[in-house]
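Just my_file-v1.csv here, CSV, C-alpha atoms and all ligand atoms:
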```csv
chain,number,residue,atom,x,y,z
A,403,MET,CA,0.0,0.0,0.0
A,404,THR,CA,1.2,3.5,-0.7
A,405,ARG,CA,-0.5,6.7,0.4
A,406,ILE,CA,-0.6,9.6,-1.9
A,407,PHE,CA,1.3,12.9,-1.3
A,408,ASP,CA,-1.7,15.0,-0.2
A,409,ASP,CA,-0.5,18.1,-2.0
A,410,ASP,CA,-0.7,16.3,-5.4
A,411,LEU,CA,-4.5,16.5,-5.1
A,412,GLN,CA,-4.3,20.3,-5.5
A,413,SER,CA,-3.1,20.2,-9.2
A,414,GLY,CA,-5.1,19.4,-12.3
A,415,LEU,CA,-5.1,16.0,-13.9
A,416,GLY,CA,-2.5,16.7,-16.5
A,417,THR,CA,-0.1,17.9,-13.9
A,418,ARG,CA,-0.9,14.9,-11.7
A,419,ALA,CA,-0.4,12.5,-14.5
A,420,ILE,CA,3.2,13.8,-14.9
A,421,HIS,CA,4.2,14.5,-11.4
A,422,ALA,CA,1.9,12.9,-8.8
A,423,GLY,CA,3.6,10.4,-6.5
A,424,GLN,CA,7.1,11.2,-7.7
A,425,ARG,CA,9.8,13.3,-6.3
A,426,PRO,CA,13.4,13.6,-7.6
A,427,GLU,CA,15.4,10.6,-6.6
A,428,PRO,CA,17.5,11.4,-3.5
A,429,LEU,CA,20.9,10.0,-4.6
A,430,ALA,CA,21.5,12.0,-7.9
A,431,GLY,CA,18.2,13.9,-8.3
A,432,ALA,CA,17.1,11.8,-11.3
A,433,ILE,CA,13.8,13.3,-12.5
A,434,MET,CA,12.5,9.8,-13.5
A,435,THR,CA,11.8,7.3,-10.8
A,436,PRO,CA,14.5,4.6,-11.2
A,437,VAL,CA,13.5,1.0,-11.6
A,438,TYR,CA,14.5,-0.5,-8.3
A,439,LEU,CA,15.6,-4.0,-9.3
A,440,THR,CA,16.1,-5.5,-5.8
A,441,SER,CA,14.4,-8.2,-3.8
A,442,THR,CA,15.6,-7.0,-0.5
A,443,TYR,CA,17.0,-3.9,1.4
A,444,VAL,CA,19.9,-3.8,3.8
A,445,GLN,CA,18.8,-2.9,7.3
A,446,GLU,CA,20.8,-0.8,9.7
A,447,GLY,CA,19.9,-3.0,12.6
A,448,LEU,CA,17.1,-5.3,13.6
A,449,GLY,CA,13.9,-3.4,13.1
A,450,LYS,CA,15.8,-0.4,11.8
A,451,ASN,CA,15.3,0.3,8.1
A,452,LYS,CA,14.2,3.0,5.7
A,453,GLY,CA,10.6,1.7,5.5
A,454,PHE,CA,11.6,-1.1,3.0
A,455,GLU,CA,12.3,-4.6,4.1
A,456,TYR,CA,11.4,-7.0,1.3
A,457,ALA,CA,10.2,-6.1,-2.2
A,458,ARG,CA,7.0,-8.1,-2.1
A,459,SER,CA,5.8,-5.7,0.6
A,460,ARG,CA,7.2,-2.5,-0.9
A,461,ASN,CA,9.3,-1.3,-3.8
A,462,PRO,CA,10.0,2.4,-4.5
A,463,THR,CA,9.1,2.1,-8.2
A,464,ARG,CA,5.8,0.4,-7.4
A,465,ASP,CA,5.2,3.0,-4.6
A,466,ALA,CA,5.5,5.8,-7.2
A,467,LEU,CA,3.0,4.2,-9.5
A,468,GLU,CA,0.6,3.5,-6.7
A,469,ARG,CA,0.7,7.1,-5.5
A,470,ASN,CA,0.4,8.4,-9.1
A,471,VAL,CA,-2.7,6.5,-10.0
A,472,ALA,CA,-4.3,6.9,-6.6
A,473,ALA,CA,-3.9,10.7,-7.0
A,474,LEU,CA,-5.3,10.6,-10.6
A,475,GLU,CA,-8.4,8.8,-9.2
A,476,ASP,CA,-8.7,11.2,-6.3
A,477,GLY,CA,-8.2,8.2,-4.0
A,478,ARG,CA,-5.8,7.9,-1.1
A,479,HIS,CA,-4.1,4.5,-1.3
A,480,GLY,CA,-2.9,2.5,-4.3
A,481,PHE,CA,-2.0,-1.2,-4.8
A,482,ALA,CA,-0.3,-2.3,-8.0
A,483,PHE,CA,-0.8,-5.9,-9.1
A,484,ALA,CA,0.8,-8.3,-11.6
A,485,SER,CA,-2.4,-8.0,-13.8
A,486,GLY,CA,-5.9,-6.6,-13.8
A,487,THR,CA,-7.1,-10.1,-13.1
A,488,ALA,CA,-4.8,-10.6,-10.1
A,489,CYS,CA,-6.1,-7.3,-8.9
A,490,VAL,CA,-9.7,-8.5,-9.0
A,491,ASP,CA,-8.7,-11.8,-7.4
A,492,SER,CA,-7.0,-10.0,-4.5
A,493,ILE,CA,-9.9,-7.6,-4.0
A,494,MET,CA,-12.2,-10.7,-3.7
A,495,LYS,CA,-9.9,-11.9,-0.8
A,496,LEU,CA,-11.6,-9.2,1.3
A,497,PHE,CA,-14.6,-11.6,1.4
A,498,GLN,CA,-15.2,-15.1,2.8
A,499,SER,CA,-17.0,-18.2,1.9
A,500,GLY,CA,-20.8,-17.6,1.9
A,501,ASP,CA,-20.5,-13.9,1.0
A,502,HIS,CA,-22.6,-12.8,-1.9
A,503,ILE,CA,-21.3,-10.5,-4.7
A,504,ILE,CA,-23.5,-8.8,-7.3
A,505,CYS,CA,-21.5,-8.6,-10.6
A,506,GLY,CA,-22.5,-6.7,-13.8
A,507,ARG,CA,-23.8,-9.1,-16.4
A,508,ASN,CA,-21.4,-7.9,-19.1
A,509,VAL,CA,-17.9,-7.7,-17.6
A,510,TYR,CA,-14.6,-8.7,-19.2
A,511,GLY,CA,-14.7,-12.4,-19.9
A,512,GLY,CA,-11.7,-13.1,-17.7
A,513,THR,CA,-13.4,-11.5,-14.7
A,514,PHE,CA,-16.4,-13.7,-15.3
A,515,ARG,CA,-14.2,-16.8,-15.7
A,516,LEU,CA,-12.4,-16.0,-12.4
A,517,PHE,CA,-15.6,-15.8,-10.5
A,518,ASP,CA,-17.4,-18.7,-12.3
A,519,LYS,CA,-14.6,-21.2,-12.5
A,520,LEU,CA,-12.5,-20.4,-9.5
A,521,LEU,CA,-13.9,-18.2,-6.8
A,522,GLN,CA,-17.3,-19.8,-6.8
A,523,LYS,CA,-15.7,-23.1,-5.9
A,524,LEU,CA,-14.2,-21.5,-2.8
A,525,GLY,CA,-17.7,-20.5,-1.6
A,526,LEU,CA,-18.2,-17.0,-2.8
A,527,GLN,CA,-21.6,-16.6,-4.4
A,528,PHE,CA,-22.2,-14.5,-7.5
A,529,THR,CA,-25.3,-13.1,-9.0
A,530,TYR,CA,-25.0,-11.5,-12.5
A,531,VAL,CA,-27.2,-8.5,-13.0
A,532,ASP,CA,-27.9,-6.0,-15.8
A,533,THR,CA,-26.6,-3.0,-13.8
A,534,ARG,CA,-27.9,-0.5,-16.4
A,535,ASP,CA,-30.9,-0.6,-14.2
A,536,ALA,CA,-29.9,0.1,-10.5
A,537,GLN,CA,-33.2,-1.3,-9.3
A,538,ARG,CA,-32.0,-4.7,-10.4
A,539,ILE,CA,-29.0,-4.3,-8.1
A,540,ALA,CA,-31.3,-3.4,-5.2
A,541,ASP,CA,-33.6,-6.4,-6.0
A,542,ALA,CA,-30.6,-8.8,-6.1
A,543,CYS,CA,-29.3,-7.8,-2.7
A,544,THR,CA,-29.5,-10.4,0.1
A,545,PRO,CA,-28.4,-10.2,3.8
A,546,ARG,CA,-25.1,-11.8,2.6
A,547,THR,CA,-24.4,-9.2,-0.1
A,548,VAL,CA,-21.0,-7.7,0.6
A,549,ALA,CA,-20.1,-6.1,-2.8
A,550,VAL,CA,-21.4,-4.9,-6.1
A,551,LEU,CA,-18.9,-5.0,-8.9
A,552,VAL,CA,-19.5,-3.0,-12.1
A,553,GLU,CA,-17.6,-2.2,-15.2
A,554,THR,CA,-18.7,0.9,-17.0
A,555,PRO,CA,-18.6,1.3,-20.0
A,556,THR,CA,-18.6,-2.5,-20.3
A,557,ASN,CA,-16.4,-4.6,-22.5
A,558,PRO,CA,-17.5,-5.0,-25.3
A,559,LEU,CA,-21.2,-3.8,-25.2
A,560,MET,CA,-20.5,-0.3,-23.8
A,561,TRP,CA,-23.3,-0.6,-21.3
A,562,ILE,CA,-23.3,2.3,-18.8
A,563,THR,CA,-24.0,1.9,-15.1
A,564,ASP,CA,-25.3,5.0,-13.3
A,565,LEU,CA,-22.6,5.0,-10.6
A,566,SER,CA,-24.4,7.2,-8.1
A,567,ALA,CA,-27.5,5.0,-8.3
A,568,ALA,CA,-25.3,1.8,-8.0
A,569,ALA,CA,-23.5,3.2,-5.0
A,570,GLU,CA,-26.8,4.1,-3.3
A,571,ALA,CA,-28.2,0.6,-3.9
A,572,ALA,CA,-24.9,-1.1,-2.7
A,573,HIS,CA,-24.6,1.1,0.4
A,574,ARG,CA,-28.2,0.6,1.4
A,575,ALA,CA,-27.5,-3.1,1.6
A,576,GLY,CA,-24.2,-2.4,3.5
A,577,ALA,CA,-22.1,-3.5,0.5
A,578,LEU,CA,-19.1,-2.0,-1.2
A,579,LEU,CA,-19.3,-0.6,-4.7
A,580,ILE,CA,-16.3,-1.8,-6.7
A,581,VAL,CA,-15.8,-0.1,-10.1
A,582,ASP,CA,-13.6,-1.3,-13.0
A,583,ASN,CA,-12.6,2.0,-14.6
A,584,THR,CA,-10.4,0.5,-17.3
A,585,PHE,CA,-12.3,1.8,-20.3
A,586,ALA,CA,-13.0,5.3,-19.2
A,587,THR,CA,-9.8,6.0,-17.1
A,588,PRO,CA,-9.7,8.7,-14.4
A,589,ILE,CA,-9.4,11.3,-17.2
A,590,PHE,CA,-13.0,10.7,-18.3
A,591,GLN,CA,-14.8,9.1,-15.3
A,592,ARG,CA,-14.3,9.7,-11.5
A,593,PRO,CA,-16.0,6.8,-9.7
A,594,PHE,CA,-15.1,8.1,-6.2
A,595,GLU,CA,-17.2,11.3,-6.8
A,596,HIS,CA,-20.2,9.0,-7.3
A,597,GLY,CA,-19.6,7.0,-4.1
A,598,ALA,CA,-17.4,4.1,-5.2
A,599,ASP,CA,-15.4,2.3,-2.5
A,600,ILE,CA,-12.8,0.6,-4.6
A,601,VAL,CA,-11.7,1.6,-8.2
A,602,PHE,CA,-9.5,-0.7,-10.2
A,603,HIS,CA,-7.9,-0.9,-13.6
A,604,SER,CA,-6.2,-3.3,-15.9
A,605,THR,CA,-3.1,-1.0,-16.2
A,606,THR,CA,-2.3,-3.2,-19.3
A,607,LYS,CA,-4.7,-0.9,-21.2
A,608,TYR,CA,-5.0,2.9,-21.3
A,609,LEU,CA,-3.0,3.7,-18.1
A,610,ASN,CA,0.2,2.1,-19.7
A,611,GLY,CA,-1.0,2.8,-23.2
A,612,HIS,CA,1.9,1.3,-25.1
A,613,SER,CA,1.0,-2.5,-25.0
A,614,ASP,CA,4.3,-3.4,-23.4
A,615,MET,CA,3.3,-4.7,-20.0
A,616,ILE,CA,0.6,-6.5,-18.0
A,617,GLY,CA,-0.6,-5.0,-14.7
A,618,GLY,CA,-3.5,-4.0,-12.5
A,619,ILE,CA,-4.1,-1.4,-9.8
A,620,ALA,CA,-6.7,-0.9,-7.1
A,621,VAL,CA,-7.3,2.5,-5.4
A,622,VAL,CA,-9.3,3.2,-2.2
A,623,ARG,CA,-10.0,6.2,-0.1
A,624,ASP,CA,-10.9,4.5,3.2
A,625,ASP,CA,-8.0,3.8,5.6
A,626,SER,CA,-9.4,0.6,7.1
A,627,LEU,CA,-10.2,-0.9,3.7
A,628,ALA,CA,-6.6,0.1,2.7
A,629,ASP,CA,-5.2,-1.8,5.7
A,630,GLN,CA,-7.1,-4.9,4.7
A,631,LEU,CA,-5.9,-4.7,1.1
A,632,LYS,CA,-2.3,-4.0,2.2
A,633,PHE,CA,-2.4,-7.3,4.2
A,634,ILE,CA,-3.8,-9.2,1.1
A,635,HIS,CA,-1.3,-7.5,-1.2
A,636,ASN,CA,1.6,-8.8,0.8
A,637,ALA,CA,0.1,-12.1,2.0
A,638,ALA,CA,-1.2,-13.2,-1.4
A,639,GLY,CA,1.7,-11.6,-3.2
A,640,ALA,CA,0.3,-10.9,-6.7
A,641,VAL,CA,2.3,-7.7,-6.8
A,642,ALA,CA,3.5,-5.7,-9.8
A,643,GLY,CA,7.2,-6.2,-10.7
A,644,PRO,CA,9.4,-3.0,-10.7
A,645,PHE,CA,9.9,-2.9,-14.4
A,646,ASP,CA,6.2,-3.3,-15.2
A,647,ALA,CA,5.5,-0.6,-12.6
A,648,TRP,CA,8.0,1.7,-14.3
A,649,LEU,CA,6.5,1.1,-17.7
A,650,ALA,CA,3.0,1.9,-16.4
A,651,LEU,CA,4.3,5.0,-14.6
A,652,ARG,CA,5.9,6.1,-17.9
A,653,GLY,CA,2.6,5.6,-19.6
A,654,THR,CA,0.5,7.6,-17.1
A,655,LYS,CA,2.6,10.7,-17.9
A,656,THR,CA,0.9,11.1,-21.2
A,657,LEU,CA,-2.5,9.6,-20.2
A,658,HIS,CA,-4.4,13.0,-20.5
A,659,LEU,CA,-2.9,13.7,-23.9
A,660,ARG,CA,-3.5,10.2,-25.2
A,661,MET,CA,-7.1,10.0,-23.9
A,662,ARG,CA,-7.9,13.3,-25.7
A,663,GLN,CA,-6.8,11.8,-29.0
A,664,HIS,CA,-8.4,8.4,-28.4
A,665,ASP,CA,-11.6,10.3,-27.8
A,666,ALA,CA,-11.3,12.5,-30.8
A,667,ASN,CA,-10.5,9.5,-33.1
A,668,GLY,CA,-13.3,7.4,-31.4
A,669,ARG,CA,-15.9,10.1,-32.0
A,670,GLN,CA,-15.0,10.6,-35.6
A,671,ILE,CA,-14.8,6.9,-36.4
A,672,ALA,CA,-18.0,6.1,-34.6
A,673,THR,CA,-19.8,8.9,-36.6
A,674,TRP,CA,-18.3,7.6,-39.8
A,675,LEU,CA,-19.4,4.0,-39.0
A,676,ALA,CA,-22.9,5.2,-38.0
A,677,ASP,CA,-23.3,7.0,-41.4
A,678,ARG,CA,-22.2,3.9,-43.2
A,679,PHE,CA,-24.2,1.3,-41.3
A,680,ASP,CA,-27.4,1.2,-39.5
A,681,GLU,CA,-26.9,3.5,-36.5
A,682,GLU,CA,-28.1,0.8,-34.1
A,683,ARG,CA,-25.3,-1.5,-35.2
A,684,VAL,CA,-22.6,0.9,-34.0
A,685,ILE,CA,-22.2,0.9,-30.3
A,686,TYR,CA,-20.4,3.9,-28.9
A,687,PRO,CA,-21.6,5.9,-25.8
A,688,GLY,CA,-20.8,9.2,-27.6
A,689,LEU,CA,-23.4,8.6,-30.4
A,690,ARG,CA,-26.9,10.0,-29.8
A,691,SER,CA,-28.2,6.6,-30.9
A,692,HIS,CA,-26.6,4.9,-27.8
A,693,PRO,CA,-29.6,4.2,-25.5
A,694,GLN,CA,-27.6,5.6,-22.5
A,695,HIS,CA,-26.1,8.6,-24.3
A,696,GLU,CA,-27.5,11.1,-21.9
A,697,LEU,CA,-26.2,9.2,-18.8
A,698,ALA,CA,-22.8,8.9,-20.5
A,699,CYS,CA,-22.8,12.7,-21.1
A,700,ARG,CA,-23.6,13.3,-17.4
A,701,GLN,CA,-21.2,10.8,-16.0
A,702,MET,CA,-18.2,10.9,-18.3
A,703,LYS,CA,-16.1,13.8,-19.6
A,704,GLY,CA,-15.2,11.9,-22.8
A,705,PHE,CA,-16.1,8.6,-24.5
A,706,GLY,CA,-12.7,7.3,-25.4
A,707,GLY,CA,-11.7,5.0,-28.3
A,708,MET,CA,-13.6,1.8,-27.8
A,709,ILE,CA,-16.3,1.1,-30.4
A,710,SER,CA,-18.2,-2.1,-31.1
A,711,VAL,CA,-20.0,-2.9,-34.4
A,712,ASP,CA,-22.5,-5.6,-35.0
A,713,LEU,CA,-21.9,-7.0,-38.5
A,714,GLY,CA,-24.6,-9.7,-38.0
A,715,THR,CA,-22.6,-12.8,-39.0
A,716,ARG,CA,-19.3,-14.4,-38.4
A,717,GLU,CA,-18.6,-14.4,-42.2
A,718,ARG,CA,-19.0,-10.6,-42.5
A,719,ALA,CA,-16.8,-10.1,-39.4
A,720,ASP,CA,-14.1,-12.4,-40.7
A,721,ARG,CA,-14.0,-10.5,-43.9
A,722,VAL,CA,-13.3,-7.3,-42.1
A,723,LEU,CA,-10.7,-8.8,-39.7
A,724,GLU,CA,-8.9,-10.3,-42.7
A,725,ARG,CA,-8.8,-7.1,-44.7
A,726,VAL,CA,-7.7,-4.5,-42.1
A,727,LYS,CA,-4.1,-3.2,-42.5
A,728,ILE,CA,-3.6,-0.6,-39.8
A,729,PHE,CA,-6.0,-2.0,-37.3
A,730,ALA,CA,-4.2,-5.1,-36.0
A,731,LEU,CA,-6.1,-8.2,-35.1
A,732,ALA,CA,-5.2,-8.7,-31.5
A,733,GLU,CA,-6.5,-9.1,-27.9
A,734,SER,CA,-6.3,-6.2,-25.6
A,735,LEU,CA,-7.1,-2.5,-26.0
A,736,GLY,CA,-6.1,1.0,-25.0
A,737,GLY,CA,-2.7,1.2,-26.6
A,738,VAL,CA,-1.5,3.9,-28.9
A,739,GLU,CA,-2.0,1.6,-31.9
A,740,SER,CA,-5.4,0.6,-33.2
A,741,LEU,CA,-6.6,-2.9,-32.6
A,742,ILE,CA,-9.6,-4.9,-33.8
A,743,CYS,CA,-11.0,-8.1,-32.3
A,744,LEU,CA,-13.9,-10.5,-32.3
A,745,PRO,CA,-15.0,-10.7,-28.7
A,746,ALA,CA,-17.0,-14.0,-29.1
A,747,ALA,CA,-13.9,-15.8,-30.2
A,748,MET,CA,-11.2,-13.8,-28.3
A,749,THR,CA,-11.7,-11.6,-25.2
A,750,HIS,CA,-15.0,-13.3,-24.3
A,751,ALA,CA,-14.4,-16.8,-25.4
A,752,SER,CA,-14.4,-17.9,-21.8
A,753,VAL,CA,-18.1,-16.8,-21.5
A,754,PRO,CA,-20.4,-19.8,-22.5
A,755,PRO,CA,-22.0,-19.3,-26.0
A,756,GLU,CA,-25.6,-19.3,-24.6
A,757,ARG,CA,-24.6,-16.6,-22.1
A,758,ARG,CA,-22.9,-14.6,-24.8
A,759,ALA,CA,-25.9,-14.8,-27.1
A,760,LYS,CA,-28.2,-13.8,-24.2
A,761,ILE,CA,-26.4,-10.6,-23.5
A,762,GLY,CA,-25.8,-9.7,-27.1
A,763,ILE,CA,-22.1,-10.7,-27.8
A,764,GLY,CA,-22.9,-12.2,-31.1
A,765,ASP,CA,-20.5,-14.0,-33.5
A,766,GLY,CA,-20.7,-10.9,-35.8
A,767,LEU,CA,-19.8,-8.4,-33.2
A,768,ILE,CA,-16.4,-6.8,-33.7
A,769,ARG,CA,-14.6,-4.4,-31.3
A,770,LEU,CA,-12.3,-1.6,-32.3
A,771,SER,CA,-9.8,0.0,-30.0
A,772,CYS,CA,-9.1,3.2,-31.8
A,773,GLY,CA,-5.5,4.3,-31.3
A,774,VAL,CA,-3.9,7.7,-31.8
A,775,GLU,CA,-2.8,7.4,-35.4
A,776,ASP,CA,-4.1,10.0,-38.0
A,777,VAL,CA,-7.8,9.5,-38.1
A,778,ASP,CA,-8.0,9.8,-41.9
A,779,ASP,CA,-5.7,6.8,-42.2
A,780,LEU,CA,-7.8,4.8,-39.8
A,781,ILE,CA,-11.0,5.7,-41.6
A,782,ALA,CA,-9.4,4.8,-45.0
A,783,ASP,CA,-8.3,1.5,-43.5
A,784,LEU,CA,-11.9,0.7,-42.3
A,785,ASP,CA,-13.3,1.9,-45.6
A,786,GLN,CA,-11.3,-0.6,-47.6
A,787,ALA,CA,-12.0,-3.3,-45.1
A,788,PHE,CA,-15.7,-2.7,-45.1
A,789,GLU,CA,-16.0,-2.5,-48.9
A,790,GLY,CA,-18.8,-4.5,-50.3
A,791,LEU,CA,-20.4,-5.1,-46.9
B,1,LIG,C1,-12.3,-4.1,-18.6
B,1,LIG,C2,-11.2,-5.0,-18.2
B,1,LIG,N1,-11.0,-5.3,-16.9
B,1,LIG,C3,-10.0,-6.2,-16.5
B,1,LIG,C4,-9.3,-6.8,-17.4
B,1,LIG,C5,-8.2,-7.8,-17.0
B,1,LIG,O1,-6.9,-7.3,-17.0
B,1,LIG,P1,-5.6,-8.1,-17.3
B,1,LIG,O2,-5.7,-8.6,-18.7
B,1,LIG,O3,-4.5,-7.0,-17.1
B,1,LIG,O4,-5.5,-9.2,-16.4
B,1,LIG,C6,-9.4,-6.6,-18.8
B,1,LIG,C7,-8.6,-7.3,-19.8
B,1,LIG,O5,-8.9,-7.2,-21.0
B,1,LIG,C8,-10.4,-5.7,-19.2
B,1,LIG,O6,-10.7,-5.4,-20.5
```
Reformat the file's structure so that it appears as structure tokens.
Amino acid sequence: MTRIFDDDLQSGLGTRAIHAGQRPEPLAGAIMTPVYLTSTYVQEGLGKNKGFEYARSRNPTRDALERNVAALEDGRHGFAFASGTACVDSIMKLFQSGDHIICGRNVYGGTFRLFDKLLQKLGLQFTYVDTRDAQRIADACTPRTVAVLVETPTNPLMWITDLSAAAEAAHRAGALLIVDNTFATPIFQRPFEHGADIVFHSTTKYLNGHSDMIGGIAVVRDDSLADQLKFIHNAAGAVAGPFDAWLALRGTKTLHLRMRQHDANGRQIATWLADRFDEERVIYPGLRSHPQHELACRQMKGFGGMISVDLGTRERADRVLERVKIFALAESLGGVESLICLPAAMTHASVPPERRAKIGIGDGLIRLSCGVEDVDDLIADLDQAFEGL
């Protein structure tokens, strides 16, 4: 666990992205936080040390990342993990057998797989709810409900959860609201302002932004929750390595700039797609045709670069995936380069087909992660890939 530097909260998000959590390195004054490649720290005497004993518990590079992202989220404490999935897994260790968790019906396939295939076996109980309607959260609460976990916008259907309404429903039941803010990032969405208790990310995505590491991070405001997560972080040990922490920290320095361009490109490409296809087939919260556009405008400061398009059939989707040249066919999202994928066969393959069909992840649904290349080139690439469809 690392607590933020309180004065970092006084600056704007761009300044925080670059400076929060970092101070010139004491030995030489290096402006960039070094990668502390060490497993242990020499102690002056028994119980006398500089606050660092063993690198699973603390590492200065990881500390800097944890403070940086915690400050960006307006939280107080950060915990960096080896992956976004390890982060969710460790958060779930706050709970015990018999506890009940309400989870959004459309979350990242790996989150669903973790709950459905592993944590359920250990006695945690999950109910999957369409959290677009907060009443459904309230209706699903039982006396054993300890947490509500939502992703908003969701991967890949871009469903939006009203975070204030979800927090109210969770808190009325005495449960925590846990928010996966990976898609929106703290630049566009601020879950703590709406009552979230834990905000987490796959740092693999926008926070790093360069597709060169895997990581996760959880942020909290509450000190006693932080103490519990600190214990889990060290006791379960799924911590971020120093080099990955450094890469993520390097990424967050340009987060505000990148998000602006992802958003500009996303809006332009979504509008172009909506003109070309039936509006309803293009799923992007920034389009007026998105059923929750008004909520998205209220809750988010931008819509980002994630767009899904329903092409109806696997054959049509395959044709596009084969023809794209700049958009690379790949898992993951949120990097500077544009990616395209078929969620049913890739990111959400771990969700059973009948479940996928029920929530609308059809075999013809493609997902675009619009990067920060020249938008005219991206549109030209899609134009040639969609030709004849
Ligand atoms: C929204 C979301 N949350 C969590 C994760 C899991 O993160 P990781 O792949 O870093 O384990 C992903 C991965 O794609 C994701 O898209």
Expected answer as a VMD selection string: all residues with atoms within 12 Å of (-23.9, -12.4, -30.9), all atoms listed in the file: chain A and resid 558 to 559 683 710 to 716 719 744 to 747 750 to 751 753 to 768
Selected residue of minimal separation from ligand LIG 1 (chain B) among A:Ser485, A:Asn470, A:Gln412, A:Ser752, counting only C-alpha atoms and all ligand atoms: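 Between A:Ser485, A:Asn470, A:Gln412, A:Ser752, the residue approaching ligand LIG 1 (chain B) most closely is A:Ser485.
If all atoms listed in the file are the atoms counted, then among A:Gly704, A:Gly500, A:Pro687, A:Gly477 the closest residue to Ala620 in chain A is A:Gly477.
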Kindly indicate which residue among A:Phe602, A:Phe645, A:Phe483, A:Tyr530 lies nearest to Gly617 in chain A, using only C-alpha atoms for the distances.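 Among the listed residues, A:Phe483 lies closest to Gly617 in chain A.
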Taking all atoms listed in the file into account, report as a PyMOL selection string which residues have an atom no farther than 6 Å from an atom of ligand LIG 1 (chain B). chain A and resi 485-487+510+557+584+604+606+616-618+734
So how many Å separate CA of Met708 in chain A and CA of Cys772 in chain A, to one decimal?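 Atom-to-atom, CA of Met708 in chain A and CA of Cys772 in chain A are spaced 6.2 Å apart.
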Counting only C-alpha atoms, write as number ranges by chain all protein and nucleic acid residues lying at most 12 Å from (-14.3, -0.5, -26.7) in the file's frame. A: 510, 554-561, 584-586, 607-608, 664-665, 668-669, 672, 684-688, 705-711, 733-737, 740-745, 749, 767-773
Considering all atoms listed in the file, state which residue in the set A:Ile503, A:Ala536, A:Ala542, A:Leu791 is at the smallest distance from Leu565 in chain A.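 Counting all atoms listed in the file, the residue closest to Leu565 in chain A is A:Ala536.
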Which polymer residues have any atom within 10 Å of an atom of Asp778 in chain A, counting only C-alpha atoms, with same-chain residues fewer than 3 positions away left out, as a ChimeraX atom specification? /A:667,670-671,775,781-784
In Å, how far is it from CA of Phe729 in chain A to CA of Leu780 in chain A?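 According to the coordinates, CA of Phe729 in chain A and CA of Leu780 in chain A are separated by 7.5 Å.
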Kindly give the distance, in Å, that separates CA of Ile728 in chain A and CA of Asp776 in chain A, rounded to a single decimal.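 If I compute the distance from CA of Ile728 in chain A to CA of Asp776 in chain A, I get 10.8 Å.
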Counting only C-alpha atoms, which residue out of A:Phe481, A:Arg652, A:Ile539, A:Glu595 sits closest to Ile433 in chain A?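 When distances to Ile433 in chain A are compared using only C-alpha atoms, the smallest one comes from A:Arg652.
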Any idea what's packed within 9 Å of range 625-629 of chain A, counting only C-alpha atoms, ignoring anything in its chain fewer than 5 positions away? Could you give it as a PDB file with C-alpha atoms, in the coordinates of the input?
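Okay, result_23.pdb is ready:
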```pdb
ATOM      1  CA  MET A 403       0.000   0.000   0.000  1.00  0.00           C
ATOM      2  CA  ARG A 478      -5.800   7.900  -1.100  1.00  0.00           C
ATOM      3  CA  HIS A 479      -4.100   4.500  -1.300  1.00  0.00           C
ATOM      4  CA  GLY A 480      -2.900   2.500  -4.300  1.00  0.00           C
ATOM      5  CA  PHE A 481      -2.000  -1.200  -4.800  1.00  0.00           C
ATOM      6  CA  LEU A 496     -11.600  -9.200   1.300  1.00  0.00           C
ATOM      7  CA  ASP A 599     -15.400   2.300  -2.500  1.00  0.00           C
ATOM      8  CA  ILE A 600     -12.800   0.600  -4.600  1.00  0.00           C
ATOM      9  CA  ILE A 634      -3.800  -9.200   1.100  1.00  0.00           C
TER      10      ILE A 634
END
```
Determine the nearest neighbour of Met748 in chain A from the options A:Gly447, A:Gly597, A:Gly525, A:Gly512, counting all atoms listed in the file. A:Gly512
List the neighbours of Ala472 in chain A out to 10 Å using all atoms listed in the file; skip same-chain residues closer than 4 positions along the sequence, and give me the result as an MDAnalysis selection string. chainID A and resid 404:407 411 422:423 466:468 476:481 588 601:602 619:623
Can you list, as a PyMOL selection string, every protein, DNA or RNA residue that comes within 12 Å of range 440-446 of chain A when you count only C-alpha atoms, leaving out same-chain residues fewer than 4 positions away? chain A and resi 436+450-464+643-645
Spatial neighbours of Arg725 in chain A, max dist 6 Å, all atoms listed in the file, sep filter under 2 positions, as a list in words: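 In the requested format, the answer is Val722, Leu723 and Ala787 of chain A.
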Please rebuild range 560-565 of chain A with N, CA and C atoms and return the result as a compact mmCIF listing (two decimals), in the frame of the given file.
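What landed in out.txt:
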```txt
# COMPACT_ATOMS: atom_id res chain seq x y z
N MET A 560 -20.47 -1.78 -24.16
CA MET A 560 -20.50 -0.30 -23.80
C MET A 560 -21.81 0.00 -23.05
N TRP A 561 -22.24 -0.93 -22.20
CA TRP A 561 -23.30 -0.60 -21.30
C TRP A 561 -22.82 0.35 -20.24
N ILE A 562 -23.66 1.27 -19.82
CA ILE A 562 -23.30 2.30 -18.80
C ILE A 562 -24.06 1.99 -17.54
N THR A 563 -23.35 2.00 -16.42
CA THR A 563 -24.00 1.90 -15.10
C THR A 563 -24.03 3.30 -14.51
N ASP A 564 -25.18 3.70 -14.00
CA ASP A 564 -25.30 5.00 -13.30
C ASP A 564 -24.58 4.74 -11.92
N LEU A 565 -23.38 5.29 -11.80
CA LEU A 565 -22.60 5.00 -10.60
C LEU A 565 -23.15 5.48 -9.32
```
